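K.L.:
Provided below: work.cif, containing mmCIF, C-alpha atoms.
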data_final
loop_
_atom_site.label_atom_id
_atom_site.label_comp_id
_atom_site.auth_asym_id
_atom_site.auth_seq_id
_atom_site.Cartn_x
_atom_site.Cartn_y
_atom_site.Cartn_z
CA MET A 116 -32.15 2.22 129.47
CA THR A 117 -34.56 1.45 126.60
CA PRO A 118 -36.34 -1.92 126.37
CA HIS A 119 -33.95 -2.86 123.56
CA LEU A 120 -31.06 -2.64 125.99
CA ALA A 121 -32.38 -4.88 128.78
CA PRO A 122 -29.29 -6.89 129.75
CA ASP A 123 -29.27 -10.68 129.50
CA PRO A 124 -25.66 -11.75 130.18
CA GLU A 125 -26.56 -15.43 130.51
CA ARG A 126 -28.05 -15.54 127.03
CA GLY A 127 -25.09 -13.58 125.69
CA ALA A 128 -22.70 -16.13 127.17
CA ALA A 129 -24.64 -18.94 125.47
CA VAL A 130 -24.52 -17.16 122.12
CA LYS A 131 -20.77 -16.62 122.50
CA ALA A 132 -20.18 -20.24 123.52
CA ALA A 133 -22.06 -21.59 120.50
CA ASP A 134 -20.17 -19.24 118.21
CA ARG A 135 -16.79 -20.28 119.58
CA ALA A 136 -17.72 -23.97 119.35
CA HIS A 137 -19.11 -24.02 115.82
CA VAL A 138 -18.74 -20.81 113.75
CA PHE A 139 -15.69 -20.51 111.49
CA HIS A 140 -15.06 -16.78 110.94
CA SER A 141 -13.69 -15.15 107.82
CA TRP A 142 -10.24 -13.50 107.62
CA SER A 143 -9.36 -14.70 111.13
CA ALA A 144 -7.12 -17.00 113.12
CA GLN A 145 -9.97 -18.78 114.87
CA GLY A 146 -8.32 -19.11 118.26
CA LEU A 147 -7.29 -15.45 118.45
CA ILE A 148 -10.66 -13.74 118.04
CA ASP A 149 -13.33 -12.77 120.55
CA PRO A 150 -16.51 -11.82 118.66
CA LEU A 151 -18.96 -9.52 120.40
CA ALA A 152 -22.32 -11.19 121.02
CA VAL A 153 -24.88 -8.79 119.55
CA ALA A 154 -28.36 -8.71 121.05
CA GLY A 155 -30.05 -6.30 118.65
CA ALA A 156 -29.80 -3.29 116.37
CA GLU A 157 -31.94 -0.39 115.22
CA GLY A 158 -31.15 2.65 113.10
CA SER A 159 -27.53 3.69 113.57
CA TYR A 160 -26.99 1.67 116.76
CA PHE A 161 -26.53 -1.90 117.98
CA TRP A 162 -26.13 -3.31 121.47
CA ASP A 163 -24.77 -6.34 123.30
CA TYR A 164 -26.25 -8.59 125.98
CA GLU A 165 -24.55 -6.62 128.73
CA GLY A 166 -26.62 -3.55 127.81
CA ASN A 167 -23.79 -1.64 126.10
CA ARG A 168 -24.95 0.36 123.08
CA TYR A 169 -22.67 1.33 120.18
CA LEU A 170 -23.02 3.94 117.47
CA ASP A 171 -22.12 1.99 114.34
CA PHE A 172 -19.61 3.99 112.30
CA THR A 173 -19.06 0.89 110.11
CA SER A 174 -22.59 0.38 108.73
CA GLY A 175 -22.02 -3.34 109.27
CA LEU A 176 -19.42 -3.79 106.56
CA VAL A 177 -20.47 -0.55 104.85
CA PHE A 178 -23.82 -1.97 103.80
CA THR A 179 -26.56 -0.76 106.19
CA ASN A 180 -27.05 2.40 104.15
CA ILE A 181 -30.52 2.94 105.64
CA GLY A 182 -29.56 1.66 109.08
CA TYR A 183 -30.75 -1.44 110.90
CA GLN A 184 -34.33 -2.70 111.00
CA HIS A 185 -35.99 -0.04 108.85
CA PRO A 186 -39.68 -0.91 109.39
CA LYS A 187 -40.68 -0.48 105.72
CA VAL A 188 -38.03 -2.91 104.52
CA VAL A 189 -38.76 -5.40 107.30
CA ALA A 190 -42.47 -5.25 106.34
CA ALA A 191 -41.65 -5.77 102.65
CA ILE A 192 -39.62 -8.89 103.45
CA GLN A 193 -42.44 -10.23 105.62
CA GLU A 194 -45.01 -9.54 102.92
CA GLN A 195 -42.90 -11.21 100.24
CA ALA A 196 -42.32 -14.23 102.47
CA ALA A 197 -46.06 -14.61 102.91
CA THR A 198 -46.64 -14.36 99.14
CA MET A 199 -43.68 -16.17 97.55
CA THR A 200 -40.67 -17.03 99.66
CA THR A 201 -38.52 -18.26 96.78
CA PHE A 202 -38.62 -19.15 93.11
CA ALA A 203 -36.12 -20.30 90.49
CA PRO A 204 -34.28 -17.57 88.55
CA ALA A 205 -35.47 -18.63 85.06
CA PHE A 206 -38.95 -17.24 85.70
CA ALA A 207 -40.31 -13.71 85.64
CA VAL A 208 -41.15 -12.80 89.23
CA GLU A 209 -42.64 -9.45 90.21
CA ALA A 210 -40.15 -8.63 92.99
CA ARG A 211 -37.22 -9.48 90.70
CA SER A 212 -38.55 -7.49 87.75
CA GLU A 213 -39.36 -4.46 89.89
CA ALA A 214 -35.97 -4.54 91.62
CA ALA A 215 -34.22 -4.61 88.24
CA ARG A 216 -36.37 -1.75 86.96
CA LEU A 217 -35.70 0.42 89.99
CA ILE A 218 -31.96 -0.26 89.95
CA ALA A 219 -31.78 0.57 86.24
CA SER A 220 -33.68 3.80 86.87
CA HIS A 221 -30.71 5.05 88.91
CA THR A 222 -27.71 3.57 87.09
CA PRO A 223 -25.84 5.94 84.76
CA GLY A 224 -26.13 5.86 80.98
CA ASP A 225 -27.49 2.75 79.29
CA LEU A 226 -26.76 0.29 82.08
CA ASP A 227 -30.32 -1.00 81.86
CA LYS A 228 -29.96 -4.79 82.09
CA ILE A 229 -29.41 -6.30 85.53
CA PHE A 230 -27.83 -9.69 86.23
CA PHE A 231 -28.48 -10.61 89.86
CA THR A 232 -25.97 -12.36 92.12
CA ASN A 233 -25.82 -13.11 95.83
CA GLY A 234 -23.14 -10.51 96.58
CA GLY A 235 -20.33 -8.35 95.31
CA ALA A 236 -17.67 -10.99 94.70
CA GLU A 237 -20.01 -12.99 92.46
CA ALA A 238 -20.87 -9.78 90.65
CA ILE A 239 -17.18 -9.25 89.86
CA GLU A 240 -16.81 -12.88 88.74
CA ASN A 241 -19.65 -12.51 86.28
CA ALA A 242 -18.68 -9.05 85.07
CA VAL A 243 -15.20 -10.32 84.19
CA ARG A 244 -16.70 -13.35 82.45
CA MET A 245 -18.94 -11.07 80.39
CA ALA A 246 -15.99 -8.85 79.47
CA ARG A 247 -13.83 -11.79 78.41
CA LEU A 248 -16.58 -13.29 76.27
CA HIS A 249 -17.52 -9.93 74.78
CA THR A 250 -13.95 -9.11 73.75
CA GLY A 251 -12.51 -12.56 73.16
CA ARG A 252 -9.55 -11.53 75.32
CA HIS A 253 -8.35 -12.84 78.68
CA LYS A 254 -6.25 -10.35 80.65
CA VAL A 255 -7.86 -8.09 83.25
CA LEU A 256 -6.15 -5.03 84.76
CA ALA A 257 -6.89 -4.00 88.34
CA ALA A 258 -5.34 -1.57 90.79
CA TYR A 259 -3.20 -2.07 93.84
CA ARG A 260 -4.95 -0.72 96.96
CA SER A 261 -8.25 -2.34 96.01
CA TYR A 262 -10.63 -5.03 97.18
CA HIS A 263 -13.06 -6.85 94.88
CA GLY A 264 -14.11 -9.94 96.85
CA ALA A 265 -12.91 -13.35 98.01
CA THR A 266 -13.93 -15.66 95.16
CA ASN A 267 -11.21 -16.80 92.76
CA THR A 268 -11.24 -14.08 90.10
CA ALA A 269 -12.24 -11.38 92.57
CA ILE A 270 -9.44 -12.16 95.02
CA ASN A 271 -6.87 -12.22 92.23
CA LEU A 272 -8.06 -8.80 91.09
CA THR A 273 -7.82 -7.50 94.66
CA GLY A 274 -4.78 -5.34 95.35
CA ASP A 275 -4.38 -5.69 99.10
CA PRO A 276 -2.71 -8.42 101.23
CA ARG A 277 -5.85 -10.55 101.40
CA ARG A 278 -4.93 -11.59 97.86
CA TRP A 279 -1.53 -13.03 98.70
CA ALA A 280 -2.51 -16.47 99.98
CA SER A 281 -4.67 -17.11 96.91
CA ASP A 282 -2.55 -15.44 94.21
CA ASN A 283 -2.73 -17.46 91.04
CA GLY A 284 -0.36 -16.93 88.13
CA SER A 285 -2.83 -18.28 85.58
CA SER A 286 -5.54 -15.77 86.45
CA GLY A 287 -4.65 -13.31 83.69
CA THR A 288 -4.66 -10.48 86.21
CA VAL A 289 -2.25 -7.54 85.92
CA HIS A 290 -2.01 -4.91 88.67
CA PHE A 291 -1.21 -1.23 88.21
CA TRP A 292 -1.03 1.89 90.40
CA ALA A 293 -4.15 4.04 90.57
CA PRO A 294 -3.89 7.67 91.71
CA PHE A 295 -3.39 8.44 95.41
CA LEU A 296 -1.67 11.78 95.88
CA TYR A 297 -0.98 11.42 99.61
CA ARG A 298 1.20 8.39 98.91
CA SER A 299 1.92 9.02 95.25
CA ALA A 300 3.69 6.33 93.25
CA PHE A 301 4.43 8.99 90.61
CA TYR A 302 6.26 11.66 92.65
CA ALA A 303 3.38 14.05 91.94
CA SER A 304 2.81 17.20 93.96
CA THR A 305 -0.65 18.20 92.65
CA GLU A 306 -3.87 16.39 91.79
CA GLU A 307 -3.34 17.39 88.15
CA GLU A 308 0.10 15.79 88.06
CA GLU A 309 -1.15 12.69 89.85
CA CYS A 310 -4.00 12.27 87.37
CA ALA A 311 -1.84 12.75 84.28
CA ARG A 312 0.95 10.48 85.49
CA ALA A 313 -1.43 7.76 86.67
CA LEU A 314 -3.14 7.74 83.27
CA GLN A 315 0.22 7.56 81.50
CA HIS A 316 1.27 4.69 83.77
CA LEU A 317 -1.95 2.83 82.94
CA GLU A 318 -1.48 3.38 79.22
CA ASP A 319 2.14 2.22 79.45
CA THR A 320 1.02 -0.91 81.31
CA ILE A 321 -1.49 -1.69 78.57
CA ALA A 322 1.16 -1.11 75.88
CA PHE A 323 3.58 -3.57 77.48
CA GLU A 324 0.87 -6.16 78.20
CA GLY A 325 -0.48 -5.88 74.63
CA PRO A 326 -3.70 -3.94 74.09
CA GLY A 327 -5.17 -6.80 72.08
CA THR A 328 -4.88 -9.13 75.08
CA VAL A 329 -6.72 -6.96 77.62
CA ALA A 330 -10.41 -7.71 78.14
CA ALA A 331 -11.20 -5.30 80.96
CA ILE A 332 -10.00 -2.70 83.40
CA VAL A 333 -11.68 -3.14 86.80
CA LEU A 334 -11.67 -0.23 89.24
CA GLU A 335 -13.51 0.61 92.42
CA THR A 336 -14.97 4.00 91.55
CA VAL A 337 -13.81 5.07 95.01
CA PRO A 338 -11.65 2.39 96.65
CA GLY A 339 -13.34 1.41 99.89
CA THR A 340 -11.55 -0.81 102.39
CA ALA A 341 -8.22 0.13 100.78
CA GLY A 342 -8.56 3.73 101.92
CA ILE A 343 -11.38 5.78 100.32
CA MET A 344 -9.08 7.48 97.80
CA THR A 345 -11.39 9.67 95.70
CA PRO A 346 -9.91 9.76 92.18
CA PRO A 347 -8.71 13.18 91.00
CA PRO A 348 -10.85 15.11 88.50
CA GLY A 349 -10.48 13.70 85.01
CA TYR A 350 -9.00 10.34 85.97
CA LEU A 351 -12.05 8.14 85.39
CA LYS A 352 -12.87 9.98 82.18
CA GLY A 353 -9.28 9.35 81.12
CA VAL A 354 -9.65 5.63 81.83
CA ARG A 355 -12.90 5.64 79.84
CA GLU A 356 -11.07 7.19 76.86
CA ILE A 357 -8.25 4.63 77.08
CA CYS A 358 -10.76 1.77 77.18
CA ASP A 359 -12.61 3.15 74.16
CA ARG A 360 -9.37 3.54 72.21
CA TYR A 361 -8.27 -0.05 72.74
CA GLY A 362 -11.65 -1.80 72.80
CA ILE A 363 -11.32 -2.66 76.50
CA VAL A 364 -14.37 -3.15 78.71
CA PHE A 365 -14.48 -0.62 81.56
CA VAL A 366 -15.84 -2.18 84.77
CA LEU A 367 -16.62 -0.01 87.79
CA ASP A 368 -17.00 -1.75 91.13
CA GLU A 369 -19.64 0.17 93.11
CA VAL A 370 -20.27 -2.59 95.65
CA MET A 371 -19.29 -0.31 98.54
CA ALA A 372 -19.51 3.16 96.99
CA GLY A 373 -22.96 2.73 95.41
CA PHE A 374 -26.49 3.47 96.54
CA GLY A 375 -25.95 6.79 98.23
CA ARG A 376 -22.70 6.18 100.08
CA THR A 377 -20.87 9.08 98.39
CA GLY A 378 -23.83 11.46 98.37
CA LYS A 379 -24.88 10.40 94.85
CA TRP A 380 -26.77 7.29 93.82
CA PHE A 381 -23.50 6.01 92.39
CA ALA A 382 -19.98 7.39 92.78
CA ALA A 383 -19.65 7.42 88.98
CA ASP A 384 -22.19 10.27 89.00
CA HIS A 385 -19.59 12.55 90.60
CA HIS A 386 -17.30 12.02 87.61
CA ASP A 387 -19.84 12.08 84.75
CA VAL A 388 -18.58 8.72 83.50
CA VAL A 389 -20.48 5.64 82.31
CA PRO A 390 -18.76 2.25 82.48
CA ASP A 391 -19.62 -0.74 80.31
CA LEU A 392 -20.37 -2.87 83.36
CA MET A 393 -21.02 -1.83 86.95
CA THR A 394 -21.12 -4.17 89.94
CA PHE A 395 -23.23 -3.52 93.03
CA ALA A 396 -24.32 -5.20 96.29
CA LYS A 397 -24.37 -4.02 99.93
CA GLY A 398 -26.45 -0.82 99.88
CA VAL A 399 -28.86 -2.07 97.20
CA ASN A 400 -31.01 -3.42 100.03
CA SER A 401 -28.97 -2.32 103.05
CA GLY A 402 -27.70 -5.88 103.42
CA TYR A 403 -31.02 -7.10 104.82
CA VAL A 404 -30.97 -10.17 102.51
CA PRO A 405 -27.89 -11.07 100.43
CA LEU A 406 -28.06 -9.48 96.96
CA GLY A 407 -25.62 -8.19 94.36
CA GLY A 408 -25.50 -7.79 90.64
CA VAL A 409 -24.05 -6.45 87.43
CA ALA A 410 -25.59 -3.53 85.55
CA ILE A 411 -24.91 -4.17 81.86
CA SER A 412 -24.59 -1.75 78.92
CA ALA A 413 -26.58 -2.19 75.73
CA ALA A 414 -23.51 -3.23 73.71
CA ILE A 415 -22.55 -6.04 76.07
CA ALA A 416 -26.16 -7.14 76.53
CA GLU A 417 -26.37 -7.44 72.74
CA THR A 418 -23.46 -9.92 72.76
CA PHE A 419 -25.69 -12.34 74.64
CA GLU A 420 -28.91 -11.64 72.75
CA LYS A 421 -28.55 -14.79 70.61
CA ARG A 422 -25.58 -16.35 72.41
CA PRO A 423 -26.20 -17.92 75.81
CA PHE A 424 -24.37 -16.39 78.74
CA PRO A 425 -22.58 -19.30 80.43
CA GLY A 426 -23.22 -18.33 84.02
CA GLY A 427 -25.90 -18.41 86.67
CA LEU A 428 -26.71 -18.91 90.34
CA THR A 429 -29.42 -20.89 92.06
CA TYR A 430 -30.53 -17.87 94.07
CA SER A 431 -30.06 -15.19 91.39
CA GLY A 432 -32.65 -12.51 92.03
CA HIS A 433 -34.01 -14.24 95.14
CA PRO A 434 -37.54 -12.87 95.78
CA LEU A 435 -36.88 -11.98 99.42
CA ALA A 436 -33.69 -10.13 98.50
CA CYS A 437 -35.35 -8.34 95.60
CA ALA A 438 -38.35 -7.33 97.71
CA ALA A 439 -35.89 -5.86 100.20
CA ALA A 440 -34.18 -3.99 97.36
CA VAL A 441 -37.46 -2.57 96.08
CA ALA A 442 -38.40 -1.35 99.56
CA THR A 443 -34.91 0.02 100.24
CA ILE A 444 -34.76 2.02 97.01
CA LYS A 445 -38.22 3.43 97.65
CA VAL A 446 -37.18 4.40 101.20
CA MET A 447 -34.09 6.09 99.80
CA GLU A 448 -36.20 8.01 97.30
CA ASP A 449 -39.04 8.94 99.66
CA GLU A 450 -36.85 9.82 102.65
CA LYS A 451 -34.14 11.53 100.57
CA VAL A 452 -31.43 9.31 101.99
CA VAL A 453 -28.93 10.15 99.23
CA GLU A 454 -29.47 13.85 99.81
CA ASN A 455 -29.02 13.34 103.54
CA ALA A 456 -25.69 11.60 102.98
CA ALA A 457 -24.49 14.54 100.91
CA HIS A 458 -25.82 17.15 103.35
CA ILE A 459 -24.61 15.61 106.62
CA GLY A 460 -21.31 14.75 104.97
CA ALA A 461 -20.74 18.33 103.84
CA THR A 462 -22.09 20.17 106.89
CA VAL A 463 -21.22 17.90 109.82
CA ILE A 464 -18.75 15.12 108.97
CA GLU A 465 -16.29 17.03 106.79
CA PRO A 466 -15.98 20.14 108.99
CA GLY A 467 -15.89 17.95 112.08
CA LEU A 468 -13.05 15.84 110.69
CA ARG A 469 -11.12 18.91 109.59
CA ASP A 470 -11.42 20.26 113.11
CA LEU A 471 -10.08 16.98 114.49
CA ALA A 472 -7.18 17.10 112.03
CA GLU A 473 -6.17 20.53 113.32
CA ARG A 474 -6.00 19.28 116.91
CA HIS A 475 -4.66 15.73 116.60
CA PRO A 476 -1.10 15.22 115.34
CA SER A 477 -1.87 11.56 114.57
CA ILE A 478 -4.10 12.57 111.64
CA GLY A 479 -2.06 12.82 108.46
CA GLU A 480 -4.95 13.29 106.05
CA ILE A 481 -8.72 13.14 105.88
CA ARG A 482 -10.46 12.37 102.60
CA GLY A 483 -13.88 11.41 101.35
CA THR A 484 -17.36 12.61 100.51
CA GLY A 485 -20.93 11.93 101.63
CA MET A 486 -20.89 9.12 104.21
CA PHE A 487 -17.56 7.76 102.94
CA TRP A 488 -14.50 9.13 104.81
CA ALA A 489 -11.08 7.94 105.90
CA LEU A 490 -8.58 9.28 108.42
CA GLU A 491 -4.98 8.38 107.61
CA LEU A 492 -3.25 8.00 110.97
CA VAL A 493 0.51 8.65 111.08
CA ARG A 494 3.41 8.77 113.49
CA ASN A 495 4.83 11.85 111.80
CA ARG A 496 2.97 14.31 109.61
CA GLU A 497 6.13 15.45 107.84
CA THR A 498 7.40 12.00 106.87
CA ARG A 499 3.87 10.53 106.63
CA GLU A 500 5.06 7.38 108.38
CA PRO A 501 1.94 5.28 109.03
CA LEU A 502 0.87 4.82 112.64
CA VAL A 503 1.39 1.07 112.09
CA PRO A 504 3.34 -0.70 109.33
CA TYR A 505 1.62 -1.99 106.20
CA ASN A 506 -0.38 -5.15 106.98
CA ALA A 507 0.74 -5.01 110.63
CA THR A 508 -0.25 -7.79 113.03
CA GLY A 509 0.34 -8.57 116.69
CA ALA A 510 2.45 -6.09 118.63
CA ASP A 511 3.11 -4.04 115.49
CA ALA A 512 -0.61 -3.26 115.29
CA ALA A 513 -0.89 -2.22 118.95
CA PRO A 514 -1.41 1.53 118.35
CA MET A 515 -4.46 0.93 116.16
CA ALA A 516 -5.76 -1.71 118.59
CA ALA A 517 -5.49 0.81 121.43
CA PHE A 518 -7.28 3.43 119.35
CA GLY A 519 -10.06 0.97 118.51
CA ALA A 520 -10.48 -0.01 122.16
CA ALA A 521 -10.80 3.66 123.11
CA CYS A 522 -13.53 4.13 120.51
CA LYS A 523 -15.53 1.19 121.84
CA LYS A 524 -15.10 2.37 125.42
CA ASN A 525 -16.81 5.60 124.34
CA GLY A 526 -19.72 3.81 122.64
CA LEU A 527 -18.43 4.05 119.07
CA TRP A 528 -17.85 1.00 116.88
CA PRO A 529 -15.05 1.98 114.46
CA PHE A 530 -14.08 0.72 111.02
CA ILE A 531 -10.31 0.15 111.22
CA ASN A 532 -8.05 -1.10 108.45
CA MET A 533 -4.25 -0.97 108.71
CA ASN A 534 -3.34 2.62 109.74
CA ARG A 535 -6.75 4.09 108.93
CA THR A 536 -10.09 4.55 110.57
CA HIS A 537 -13.03 5.05 108.25
CA VAL A 538 -16.10 7.13 109.00
CA VAL A 539 -18.91 5.28 107.25
CA PRO A 540 -22.15 5.54 109.26
CA PRO A 541 -25.55 4.81 107.71
CA CYS A 542 -26.48 7.23 104.93
CA ASN A 543 -29.56 8.33 106.91
CA VAL A 544 -27.55 9.14 110.03
CA THR A 545 -28.78 12.28 111.79
CA GLY A 546 -26.66 15.33 112.43
CA ALA A 547 -26.84 14.65 116.18
CA GLU A 548 -25.66 11.06 115.73
CA ALA A 549 -22.79 12.18 113.49
CA LYS A 550 -21.69 14.71 116.11
CA GLU A 551 -21.90 12.03 118.79
CA GLY A 552 -19.57 9.85 116.74
CA LEU A 553 -17.15 12.69 116.08
CA ALA A 554 -16.97 13.44 119.81
CA ALA A 555 -16.11 9.81 120.54
CA LEU A 556 -13.46 9.89 117.79
CA ASP A 557 -12.03 13.07 119.28
CA GLU A 558 -11.46 11.37 122.62
CA ALA A 559 -10.10 8.14 121.10
CA LEU A 560 -7.64 10.02 118.91
CA THR A 561 -5.85 11.22 122.03
CA VAL A 562 -4.69 7.60 122.35
CA ALA A 563 -3.39 7.59 118.78
CA ASP A 564 -1.65 10.91 119.47
CA GLU A 565 0.49 9.20 122.12
CA TYR A 566 2.27 7.34 119.28
CA ALA A 567 2.68 10.39 117.04
CA GLY A 568 5.86 12.43 117.14
#
Could you spell out this file's structure in structure tokens?
P.N.:
Amino acid sequence: MTPHLAPDPERGAAVKAADRAHVFHSWSAQGLIDPLAVAGAEGSYFWDYEGNRYLDFTSGLVFTNIGYQHPKVVAAIQEQAATMTTFAPAFAVEARSEAARLIASHTPGDLDKIFFTNGGAEAIENAVRMARLHTGRHKVLAAYRSYHGATNTAINLTGDPRRWASDNGSSGTVHFWAPFLYRSAFYASTEEEECARALQHLEDTIAFEGPGTVAAIVLETVPGTAGIMTPPPGYLKGVREICDRYGIVFVLDEVMAGFGRTGKWFAADHHDVVPDLMTFAKGVNSGYVPLGGVAISAAIAETFEKRPFPGGLTYSGHPLACAAAVATIKVMEDEKVVENAAHIGATVIEPGLRDLAERHPSIGEIRGTGMFWALELVRNRETREPLVPYNATGADAAPMAAFGAACKKNGLWPFINMNRTHVVPPCNVTGAEAKEGLAALDEALTVADEYAG
């Protein structure tokens, strides 16, 4: 056992007791949860106070793209804290300026202006505000099977059940079906059909909503929590063309898919497409200090050259967060983290998952790229019936709960949503660590197989 893993159950119990007495957790019925008390983390692993170590196949919430406690980023935060812990956003601060410069050096096209936020939801809020002011229109189109954040506009744009309790008819949000061949809404049998029919559906939606009323189309470049559905070739370029034709702002949400997660700096790079606005957070500094933002095109930046932008945040471009971003991006460049995500994804994760799919009848489909993969778990491969019903809770969710428990028993912390498990380890995961995780998945999937016909 390493020094990091020295057990301290008494301290763990105290941490748990304080949590249960005072912490109000997100997305949870407070009396029905039992949070793990975490003692520490390093690289691709974390551990509890009992001495149990887990390989983190969630990257936190898909944000520790360079793993936990990278010494260069920790040192950069410490150095910045010693120099300037905080400063108001109206001033030019070196860490903020350098973070913006480095981010812009990797964004596609002319997305060279950076508006900093505290996270992804605020980035979406401000991107939509920019689009509405730029166009003078109000409606915003977003896809079902999506997640954009929990603030008011972001949650209304979201296309999964987390939206329902906060749905707001005055939001100006219209939902449409994006492509997803495995569960096609368009009765397609090929990627080409799915792409063409999804684009026609989007154009029809715009026609019936009134093109002159639509300010923006907001899409996750690759939907994350909703299922990691990589868009078919040509789809994003098709959306770009539709936006250009109708004067609609094209917003790509790269909060989860950005900064190396897909094996490119941004998922948009796989599709040779440049949006008008692009939101980011999470991997920009591996989540070490909260930071998000909007990368803004020249045309939209020009709108606010003489006209004030009516938005801002007290901690926009916080020096500690920006120093962490500068260090993280330099680590990613120097240590070839993006290249590692592409390489390990192609040579270890993808073949490993395909091998699992051949041997486990509970796997209906695997999909993804880089360090961004999903396994669709089913009861029947022919009918594609999900292992658990949509938005299942309680007893209905038992098969996925049993699968998750089996993962944890084998030292793997899984990312589970509905009937899927996602494989999203840090982008600098080693080949040996990836194989360790796949072996734990292999054993846990035997539990899922018990529910598959």
K.L.:
Please enumerate the residues selected by the PyMOL selection byres ((chain A and resi 255) around 10) when evaluated against the supplied file, formatted as a list in words.
P.N.:
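That expression, the PyMOL selection byres ((chain A and resi 255) around 10), corresponds here to Val243, Ala246, Arg247, Arg252, His253, Lys254, Leu256, Ala257, Thr268, Asn271, Leu272, Ser286, Gly287, Thr288, Val289, His290, Thr328, Val329, Ala330, Ala331, Ile332, Val333, Ile363 and Val364 of chain A.
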K.L.:
Just give me the gap between atom CA of A:Ala129 and atom CA of A:Ala517 in Å, one decimal is fine.
P.N.:
27.8 Å
K.L.:
Once the PyMOL selection byres ((chain A and resi 531-535) around 8) has been applied to the shown file, what residues remain in the selection, as a ChimeraX atom specification?
P.N.:
/A:340-342,489-493,501-507,512,515,519,529-530,536-537
K.L.:
Using all atoms listed in the file, which of A:Gly274, A:Ala265, A:Val463, A:Ser412 sits nearest A:Ser141?
P.N.:
A:Ala265
K.L.:
Evaluate the PyMOL selection byres ((chain A and resi 544) around 10) against this structure - the residues, as a list in words, please.
P.N.:
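Taken over the shown coordinates, the PyMOL selection byres ((chain A and resi 544) around 10) returns Gly158, Ser159, Asp171, Phe172, Asn180, Ile181, Gly182, Val452, Asn455, Ala456, Ile459, Gly460, Met486, Val539, Pro540, Pro541, Cys542, Asn543, Thr545, Gly546, Ala547, Glu548 and Ala549 of chain A.
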K.L.:
Using only C-alpha atoms, which protein or nucleic acid residues come within 9 Å of A:Pro223? Drop anything in the same chain fewer than 3 positions from it, and give the result as a list in words.
P.N.:
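My reading of the contact set: Ala219, Ser220, Leu226, Asp227, Phe381, Ala383, Asp384, Asp387, Val388, Val389 and Pro390 of chain A.
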K.L.:
What is the distance between atom CA of A:Leu367 and atom CA of A:Ser304, in Å to one decimal?
P.N.:
26.7 Å
